[in-house]
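These notes concern the structure reproduced below.
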Amino acid sequence: MIPLLPTTTTLITAAMAAREAGVTPEAVRKWVQLCHLPPAARQGRANLFRSEDVSAAERATRRPLELRPRA
């Protein structure tokens, strides 16, 4: 039997998640409210998230190119 390697999950705050996804912290809170981003844990009153979940939420809520405002 092959032993399983221990996995460590780095948890990040909403502000760090927003920076990572290139959105505002308000957008991250909206993702939580709309169930696109489940909190992995809590530290006091703050939600903590897995980076993988943040990336998935960003992809799920991304607007198609044709709907994005032109720069």
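In the structure tokens, chains take letters A, B, ... by order of appearance, with residues numbered from 1 within each chain and ligands from 1 in the order shown.
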Give me, as a Markdown table, the closest atom pair and its distance (Å, one decimal) for every residue of region 26-69 of chain A within a cut-off of 10 Å of region 12-17 of chain A, counting only C-alpha atoms, rows sorted by chain and rising number.
```
| residue | atom | partner | partner_atom | distance |
| --- | --- | --- | --- | --- |
| A:Glu26 | CA | A:Ala14 | CA | 8.9 |
| A:Ala27 | CA | A:Ala14 | CA | 9.5 |
| A:Val28 | CA | A:Ala14 | CA | 6.4 |
| A:Arg29 | CA | A:Ala14 | CA | 7.5 |
| A:Val32 | CA | A:Ala14 | CA | 9.9 |
| A:Pro39 | CA | A:Ala14 | CA | 9.5 |
| A:Ala40 | CA | A:Ile12 | CA | 9.4 |
| A:Ala41 | CA | A:Ile12 | CA | 9.6 |
| A:Arg42 | CA | A:Thr13 | CA | 9.3 |
| A:Gln43 | CA | A:Thr13 | CA | 9.2 |
| A:Ala46 | CA | A:Thr13 | CA | 7.2 |
| A:Asn47 | CA | A:Thr13 | CA | 6.5 |
| A:Leu48 | CA | A:Thr13 | CA | 4.9 |
| A:Phe49 | CA | A:Ile12 | CA | 5.2 |
| A:Arg50 | CA | A:Ile12 | CA | 6.4 |
| A:Ser51 | CA | A:Ile12 | CA | 7.0 |
| A:Asp53 | CA | A:Ala17 | CA | 9.5 |
| A:Val54 | CA | A:Ala17 | CA | 6.3 |
| A:Ser55 | CA | A:Ala17 | CA | 8.8 |
| A:Glu58 | CA | A:Ala17 | CA | 9.9 |
```
Problem set entry | Surrounding residues of Glu52 (chain A) excluding itself and chain neighbours under 6 positions, 10 Å, only C-alpha atoms, as a list in words |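 Near Glu52 (chain A), the qualifying residues are Thr9, Thr10, Leu11 and Glu58 of chain A.
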Would you put the residues from that selection into a file with C-alpha atoms, as a short mmCIF file (atom, residue, chain, number, x, y, z; two decimals), in the first residue's frame?
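Wrote selection.cif, looks like this:
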```
data_model
loop_
_atom_site.label_atom_id
_atom_site.label_comp_id
_atom_site.auth_asym_id
_atom_site.auth_seq_id
_atom_site.Cartn_x
_atom_site.Cartn_y
_atom_site.Cartn_z
CA THR A 9 -4.12 23.61 2.51
CA THR A 10 -3.25 27.26 2.71
CA LEU A 11 -6.21 29.35 3.73
CA GLU A 58 -13.65 33.50 -10.35
#
```
Problem set entry | Computed interatomic separation between CA of Thr8 (chain A) and CA of His36 (chain A) (Å) |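 So the two atoms, CA of Thr8 (chain A) and CA of His36 (chain A), lie 22.7 Å apart.
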For this session: Return as a list in words the full set of residues in region 8-51 of chain A whose backbone-based DSSP assignment is helix (DSSP H, G or I).
Result: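 DSSP-assigned helix (DSSP H, G or I) residues in region 8-51 of chain A: Ala14, Ala15, Met16, Ala17, Ala18, Arg19, Glu20, Ala21, Pro25, Glu26, Ala27, Val28, Arg29, Lys30, Trp31, Val32, Gln33 and Ser51 of chain A.
For the pair CA of Ala60 (chain A) and CA of Arg45 (chain A), the interatomic distance is 25.8 Å.
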Exercise. Running DSSP on the backbone, which parts of chain A land in strand (DSSP E), as number ranges by chain?
Worked result: A: 11-12, 41-43, 46-50
Next, the residues of the selection above should be written as a PDB file, in the first residue's frame with N, CA, C and O atoms.
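Generated output (part_3.pdb):
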```pdb
ATOM      1  N   LEU A  11      -4.978  28.587   3.704  1.00  0.00           N
ATOM      2  CA  LEU A  11      -6.212  29.350   3.730  1.00  0.00           C
ATOM      3  C   LEU A  11      -5.884  30.832   3.651  1.00  0.00           C
ATOM      4  O   LEU A  11      -4.918  31.298   4.244  1.00  0.00           O
ATOM      5  N   ILE A  12      -6.713  31.566   2.900  1.00  0.00           N
ATOM      6  CA  ILE A  12      -6.474  32.993   2.711  1.00  0.00           C
ATOM      7  C   ILE A  12      -7.720  33.785   3.104  1.00  0.00           C
ATOM      8  O   ILE A  12      -8.830  33.264   3.094  1.00  0.00           O
ATOM      9  N   ALA A  41     -13.029  27.810   6.354  1.00  0.00           N
ATOM     10  CA  ALA A  41     -12.883  27.904   7.809  1.00  0.00           C
ATOM     11  C   ALA A  41     -13.200  29.332   8.227  1.00  0.00           C
ATOM     12  O   ALA A  41     -13.448  30.200   7.392  1.00  0.00           O
ATOM     13  N   ARG A  42     -13.180  29.541   9.520  1.00  0.00           N
ATOM     14  CA  ARG A  42     -13.370  30.884  10.070  1.00  0.00           C
ATOM     15  C   ARG A  42     -12.267  31.151  11.081  1.00  0.00           C
ATOM     16  O   ARG A  42     -11.822  30.258  11.774  1.00  0.00           O
ATOM     17  N   GLN A  43     -11.860  32.410  11.151  1.00  0.00           N
ATOM     18  CA  GLN A  43     -10.910  32.848  12.157  1.00  0.00           C
ATOM     19  C   GLN A  43     -11.544  34.076  12.799  1.00  0.00           C
ATOM     20  O   GLN A  43     -11.559  35.153  12.208  1.00  0.00           O
ATOM     21  N   ALA A  46     -13.886  36.387  10.593  1.00  0.00           N
ATOM     22  CA  ALA A  46     -13.430  36.402   9.196  1.00  0.00           C
ATOM     23  C   ALA A  46     -13.540  35.019   8.561  1.00  0.00           C
ATOM     24  O   ALA A  46     -13.189  34.013   9.169  1.00  0.00           O
ATOM     25  N   ASN A  47     -14.035  34.993   7.324  1.00  0.00           N
ATOM     26  CA  ASN A  47     -14.049  33.760   6.545  1.00  0.00           C
ATOM     27  C   ASN A  47     -12.665  33.541   5.947  1.00  0.00           C
ATOM     28  O   ASN A  47     -11.990  34.491   5.558  1.00  0.00           O
ATOM     29  N   LEU A  48     -12.268  32.286   5.853  1.00  0.00           N
ATOM     30  CA  LEU A  48     -11.017  31.906   5.202  1.00  0.00           C
ATOM     31  C   LEU A  48     -11.357  30.991   4.036  1.00  0.00           C
ATOM     32  O   LEU A  48     -12.287  30.182   4.112  1.00  0.00           O
ATOM     33  N   PHE A  49     -10.600  31.120   2.956  1.00  0.00           N
ATOM     34  CA  PHE A  49     -10.905  30.404   1.727  1.00  0.00           C
ATOM     35  C   PHE A  49      -9.689  29.652   1.216  1.00  0.00           C
ATOM     36  O   PHE A  49      -8.562  30.062   1.438  1.00  0.00           O
ATOM     37  N   ARG A  50      -9.949  28.566   0.477  1.00  0.00           N
ATOM     38  CA  ARG A  50      -8.882  27.848  -0.211  1.00  0.00           C
ATOM     39  C   ARG A  50      -8.644  28.529  -1.544  1.00  0.00           C
ATOM     40  O   ARG A  50      -9.591  28.963  -2.214  1.00  0.00           O
TER      41      ARG A  50
END
```
For this session: Rounded to one decimal place, report the CA of Val23 (chain A)-CA of Arg59 (chain A) distance in Å.
Result: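 Straight-line distance from CA of Val23 (chain A) to CA of Arg59 (chain A) works out to 12.1 Å.
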Problem set entry | Closest of A:Arg63, A:Ala57, A:Glu20, A:Pro25 to Pro38 (chain A) - atom-to-atom distances counting only C-alpha atoms |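 Smallest separation from Pro38 (chain A) among the options: A:Ala57.
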